[in-house]
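Chemist: Quick one: structure below, then a few questions.
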Amino acid sequence: MPRINVIIPAYNEENSIAKVISAIPAGLVDEVIVVNNNSTDRTAEIAQIAGATVLHQPLAGYGNACLKGIAYTLAKPASSRPDILVFLDGDYSDYPEEMPQILQPILAGKADMVIGSRALGNRQRGAMLPQQIFGNWLATTLLRWLYGVKYTDLGPFRAIRMGTLLALGMQDRNYGWTVEMQAKAAKQKVKYVEVPVSYRKRIGVSKVSGTVKGTVLAGYKIIFTIFKYL
């Protein structure tokens, strides 16, 4: 069985992080890594109590948190380094219990990267704001036109082989993380699959789509990133 680590970027998720960790199927993964992204609440403490390894990344940004988690896994001895990394959010909008479905195509040798698609799955009414739905449609349409790939979502719940991830040379430190991964995977002809996933209203307020500034900045960065890697 391949070694699997989960990386959960978390900023002020004290009300949800324990639920996320406890919903990961028992025995499925070797380590759950919560990257505390400069939280001002009890996120780190609660995550540790729930059984996760907690890392601290004082530099704000989703990509910064993901890069911190990746660096931690790479620093492990070769005998315990993960073969597969799973990424999901810490706000309990994803369904961690669906992780076996996310991993199955990789474990079966059918894919090297799996994107959990909220567009193909069951989405609770109001779980995604109109600007998120439009942004996803625009980004995936541009990716199809420019890169020739048929993504339906830039969903945060995803899995990827460690070797594949390293070959992508991920760099983005904030809003462009997910689209950078998918654009670079398209350029490198990475074998991918989309799996339908469920999605519910997050606990708390979104730090990105919940504000006008966050929405505008994220939209700009996503479009910029798509053209950047052509």
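Residue numbers start at 1 in each chain; chains themselves are named A, B, ... in the order of the structure tokens; ligands are numbered from 1 in the order shown.
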Find the residues around Gly135 of chain A up to 10 Å (only C-alpha atoms counted), leave out those fewer than 2 positions away in its own chain, and share them as JSON, numbers by chain.
Modeler: {"A": [129, 130, 131, 132, 133, 137, 138, 139, 140, 141, 153, 154, 215, 218, 219, 222, 223]}
Chemist: Please dump the current selection as a compact mmCIF listing (two decimals), in the first residue's frame; keep all heavy atoms.
Modeler:
# COMPACT_ATOMS: atom_id res chain seq x y z
N LEU A 129 -20.75 30.36 -3.96
CA LEU A 129 -21.34 31.64 -4.31
C LEU A 129 -21.33 31.83 -5.82
O LEU A 129 -20.54 31.21 -6.53
CB LEU A 129 -20.57 32.76 -3.62
CG LEU A 129 -20.56 32.72 -2.09
CD1 LEU A 129 -19.66 33.82 -1.52
CD2 LEU A 129 -21.97 32.85 -1.53
N PRO A 130 -22.23 32.69 -6.34
CA PRO A 130 -22.30 32.89 -7.79
C PRO A 130 -20.95 33.24 -8.42
O PRO A 130 -20.62 32.77 -9.50
CB PRO A 130 -23.30 34.04 -7.93
CG PRO A 130 -24.18 33.91 -6.73
CD PRO A 130 -23.28 33.43 -5.62
N GLN A 131 -20.16 34.07 -7.72
CA GLN A 131 -18.86 34.45 -8.28
C GLN A 131 -17.90 33.26 -8.35
O GLN A 131 -17.04 33.19 -9.24
CB GLN A 131 -18.23 35.59 -7.48
CG GLN A 131 -17.99 35.32 -6.01
CD GLN A 131 -19.14 35.80 -5.13
OE1 GLN A 131 -20.29 35.73 -5.55
NE2 GLN A 131 -18.82 36.30 -3.95
N GLN A 132 -18.05 32.30 -7.42
CA GLN A 132 -17.22 31.10 -7.47
C GLN A 132 -17.62 30.22 -8.66
O GLN A 132 -16.76 29.70 -9.37
CB GLN A 132 -17.39 30.29 -6.18
CG GLN A 132 -16.74 30.88 -4.96
CD GLN A 132 -17.01 30.02 -3.74
OE1 GLN A 132 -18.12 30.03 -3.20
NE2 GLN A 132 -16.03 29.26 -3.33
N ILE A 133 -18.92 30.07 -8.86
CA ILE A 133 -19.41 29.24 -9.96
C ILE A 133 -18.97 29.82 -11.30
O ILE A 133 -18.47 29.12 -12.18
CB ILE A 133 -20.95 29.12 -9.88
CG1 ILE A 133 -21.36 28.38 -8.60
CG2 ILE A 133 -21.49 28.39 -11.12
CD1 ILE A 133 -22.84 28.40 -8.32
N TRP A 137 -16.23 28.29 -14.01
CA TRP A 137 -16.60 28.09 -15.42
C TRP A 137 -15.62 28.80 -16.34
O TRP A 137 -15.15 28.22 -17.33
CB TRP A 137 -18.02 28.61 -15.66
CG TRP A 137 -18.38 28.61 -17.12
CD1 TRP A 137 -18.84 27.56 -17.86
CD2 TRP A 137 -18.24 29.72 -18.02
NE1 TRP A 137 -18.99 27.94 -19.18
CE2 TRP A 137 -18.64 29.25 -19.31
CE3 TRP A 137 -17.83 31.04 -17.87
CZ2 TRP A 137 -18.63 30.08 -20.42
CZ3 TRP A 137 -17.81 31.87 -18.99
CH2 TRP A 137 -18.23 31.39 -20.25
N LEU A 138 -15.31 30.05 -16.02
CA LEU A 138 -14.39 30.82 -16.87
C LEU A 138 -13.01 30.18 -16.91
O LEU A 138 -12.41 30.00 -17.98
CB LEU A 138 -14.29 32.25 -16.35
CG LEU A 138 -13.31 33.17 -17.11
CD1 LEU A 138 -13.71 33.29 -18.57
CD2 LEU A 138 -13.25 34.54 -16.44
N ALA A 139 -12.48 29.80 -15.74
CA ALA A 139 -11.14 29.22 -15.67
C ALA A 139 -11.06 27.89 -16.42
O ALA A 139 -10.12 27.65 -17.19
CB ALA A 139 -10.73 29.02 -14.21
N THR A 140 -12.03 27.02 -16.21
CA THR A 140 -11.99 25.72 -16.88
C THR A 140 -12.23 25.85 -18.38
O THR A 140 -11.68 25.08 -19.17
CB THR A 140 -13.01 24.74 -16.26
OG1 THR A 140 -14.32 25.33 -16.26
CG2 THR A 140 -12.63 24.40 -14.83
N THR A 141 -13.01 26.84 -18.79
CA THR A 141 -13.22 27.09 -20.21
C THR A 141 -11.92 27.56 -20.86
O THR A 141 -11.53 27.08 -21.94
CB THR A 141 -14.32 28.14 -20.44
OG1 THR A 141 -15.55 27.66 -19.90
CG2 THR A 141 -14.51 28.43 -21.93
N ASP A 153 -13.59 21.73 -12.85
CA ASP A 153 -13.50 22.42 -11.56
C ASP A 153 -12.04 22.67 -11.20
O ASP A 153 -11.13 21.97 -11.67
CB ASP A 153 -14.16 21.55 -10.48
CG ASP A 153 -14.49 22.31 -9.20
OD1 ASP A 153 -14.29 23.55 -9.16
OD2 ASP A 153 -14.94 21.68 -8.24
N LEU A 154 -11.84 23.66 -10.34
CA LEU A 154 -10.53 23.90 -9.72
C LEU A 154 -10.62 23.52 -8.25
O LEU A 154 -10.01 24.16 -7.39
CB LEU A 154 -10.14 25.39 -9.84
CG LEU A 154 -10.09 26.01 -11.23
CD1 LEU A 154 -9.70 27.48 -11.13
CD2 LEU A 154 -9.13 25.26 -12.14
N THR A 215 -12.36 38.21 -3.86
CA THR A 215 -12.90 37.70 -5.12
C THR A 215 -12.16 38.29 -6.32
O THR A 215 -11.78 37.57 -7.25
CB THR A 215 -14.40 38.03 -5.23
OG1 THR A 215 -15.10 37.42 -4.12
CG2 THR A 215 -14.99 37.52 -6.52
N ALA A 218 -8.46 37.02 -6.39
CA ALA A 218 -8.40 35.62 -6.79
C ALA A 218 -8.70 35.45 -8.27
O ALA A 218 -8.01 34.70 -8.98
CB ALA A 218 -9.38 34.80 -5.96
N GLY A 219 -9.72 36.16 -8.76
CA GLY A 219 -10.06 36.08 -10.17
C GLY A 219 -8.93 36.53 -11.07
O GLY A 219 -8.60 35.87 -12.07
N ILE A 222 -6.01 33.92 -10.93
CA ILE A 222 -6.31 32.68 -11.64
C ILE A 222 -6.16 32.87 -13.15
O ILE A 222 -5.52 32.06 -13.84
CB ILE A 222 -7.72 32.17 -11.27
CG1 ILE A 222 -7.73 31.63 -9.84
CG2 ILE A 222 -8.19 31.10 -12.25
CD1 ILE A 222 -9.11 31.36 -9.28
N ILE A 223 -6.72 33.95 -13.68
CA ILE A 223 -6.62 34.21 -15.12
C ILE A 223 -5.17 34.48 -15.52
O ILE A 223 -4.66 33.97 -16.53
CB ILE A 223 -7.54 35.38 -15.51
CG1 ILE A 223 -9.00 34.96 -15.33
CG2 ILE A 223 -7.28 35.80 -16.97
CD1 ILE A 223 -9.99 36.09 -15.50
Chemist: I need the strand (DSSP E) residues of segment 173-219 of chain A per DSSP on the backbone, written as a list in words.
Modeler: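 Secondary structure check on segment 173-219 of chain A, strand (DSSP E): Tyr192, Val193, Glu194, Val195 and Pro196 of chain A.
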Chemist: Report as a short mmCIF file (atom, residue, chain, number, x, y, z; two decimals) with all heavy atoms, in the first residue's frame all protein, DNA and RNA residues lying within 8 Å of Thr178 of chain A, evaluated on only C-alpha atoms, omitting residues in the same chain fewer than 2 positions from it.
Modeler:
data_model
loop_
_atom_site.label_atom_id
_atom_site.label_comp_id
_atom_site.auth_asym_id
_atom_site.auth_seq_id
_atom_site.Cartn_x
_atom_site.Cartn_y
_atom_site.Cartn_z
N LEU A 154 -11.84 23.66 -10.34
CA LEU A 154 -10.53 23.90 -9.72
C LEU A 154 -10.62 23.52 -8.25
O LEU A 154 -10.01 24.16 -7.39
CB LEU A 154 -10.14 25.39 -9.84
CG LEU A 154 -10.09 26.01 -11.23
CD1 LEU A 154 -9.70 27.48 -11.13
CD2 LEU A 154 -9.13 25.26 -12.14
N GLY A 155 -11.38 22.49 -7.95
CA GLY A 155 -11.66 22.12 -6.57
C GLY A 155 -10.42 21.86 -5.73
O GLY A 155 -9.42 21.33 -6.22
N PRO A 156 -10.46 22.23 -4.44
CA PRO A 156 -9.30 22.07 -3.56
C PRO A 156 -9.03 20.62 -3.15
O PRO A 156 -7.91 20.28 -2.77
CB PRO A 156 -9.68 22.91 -2.34
CG PRO A 156 -11.19 22.87 -2.33
CD PRO A 156 -11.59 22.89 -3.76
N TYR A 175 -3.53 32.62 -4.37
CA TYR A 175 -4.78 32.23 -5.02
C TYR A 175 -4.62 31.32 -6.24
O TYR A 175 -5.57 30.66 -6.64
CB TYR A 175 -5.56 33.47 -5.46
CG TYR A 175 -5.81 34.50 -4.40
CD1 TYR A 175 -5.18 35.74 -4.43
CD2 TYR A 175 -6.69 34.24 -3.35
CE1 TYR A 175 -5.42 36.70 -3.47
CE2 TYR A 175 -6.94 35.20 -2.37
CZ TYR A 175 -6.30 36.42 -2.44
OH TYR A 175 -6.55 37.37 -1.48
N GLY A 176 -3.43 31.33 -6.85
CA GLY A 176 -3.27 30.60 -8.10
C GLY A 176 -2.82 29.16 -7.97
O GLY A 176 -2.55 28.51 -8.97
N GLU A 180 -2.54 26.62 -11.11
CA GLU A 180 -1.16 26.37 -11.52
C GLU A 180 -0.92 24.86 -11.67
O GLU A 180 -0.33 24.41 -12.65
CB GLU A 180 -0.16 26.95 -10.52
CG GLU A 180 1.28 26.68 -10.92
CD GLU A 180 2.31 26.93 -9.82
OE1 GLU A 180 1.91 27.31 -8.71
OE2 GLU A 180 3.51 26.72 -10.08
N MET A 181 -1.38 24.10 -10.69
CA MET A 181 -1.19 22.65 -10.73
C MET A 181 -1.85 22.07 -11.97
O MET A 181 -1.26 21.24 -12.68
CB MET A 181 -1.77 22.01 -9.46
CG MET A 181 -1.51 20.51 -9.38
SD MET A 181 -2.28 19.71 -7.93
CE MET A 181 -1.38 20.48 -6.58
N GLN A 182 -3.06 22.52 -12.27
CA GLN A 182 -3.79 21.94 -13.39
C GLN A 182 -3.25 22.40 -14.74
O GLN A 182 -3.21 21.62 -15.70
CB GLN A 182 -5.28 22.24 -13.24
CG GLN A 182 -5.91 21.41 -12.12
CD GLN A 182 -7.31 21.82 -11.75
OE1 GLN A 182 -7.55 22.31 -10.65
NE2 GLN A 182 -8.27 21.63 -12.64
#
Chemist: My list of candidates is A:Leu217, A:Val179, A:Val86, A:Leu120. Which is closest to Val29 of chain A when distances are computed with only C-alpha atoms?
Modeler: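 Among A:Leu217, A:Val179, A:Val86, A:Leu120, it is A:Val86 that comes nearest to Val29 of chain A.
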Chemist: How far is it from atom CA of Tyr147 of chain A to atom CA of Gly163 of chain A, in Å with one decimal?
Modeler: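 Value for the atom CA of Tyr147 of chain A-atom CA of Gly163 of chain A distance: 21.9 Å.
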Chemist: Tell me which of A:Pro9, A:Ile24, A:Arg161, A:Asp94 sits closest to Leu55 of chain A, counting only C-alpha atoms.
Modeler: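 Result for the nearest residue to Leu55 of chain A: A:Pro9.
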Chemist: Can you tell me, as a PyMOL selection string, which residues in segment 21-72 of chain A count as helix (DSSP H, G or I) by DSSP?
Modeler: chain A and resi 21-23+43-49+62-72
Chemist: Could you pull the residues within 8 Å of Thr53 of chain A, counting only C-alpha atoms, minus those fewer than 2 positions along the same chain, as a ChimeraX atom specification?
Modeler: /A:31-34,47-48,51,55
Chemist: As a list in words, please: the residues near Gln188 of chain A (cut-off 12 Å, only C-alpha atoms, same-chain neighbours under 4 positions excluded).
Modeler: Asp112, Met113, Tyr147, Gly148, Val149, Thr164, Leu165, Ala167, Leu168, Gly169, Met181, Gln182, Ala183, Lys184, Tyr192, Tyr229 and Leu230 of chain A
Chemist: Under the rule that only C-alpha atoms are counted, which of A:Ala185, A:Val195, A:Leu59, A:Ile160 is the nearest residue to Ile106 of chain A?
Modeler: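 Closest to Ile106 of chain A, using only C-alpha atoms: A:Ile160.
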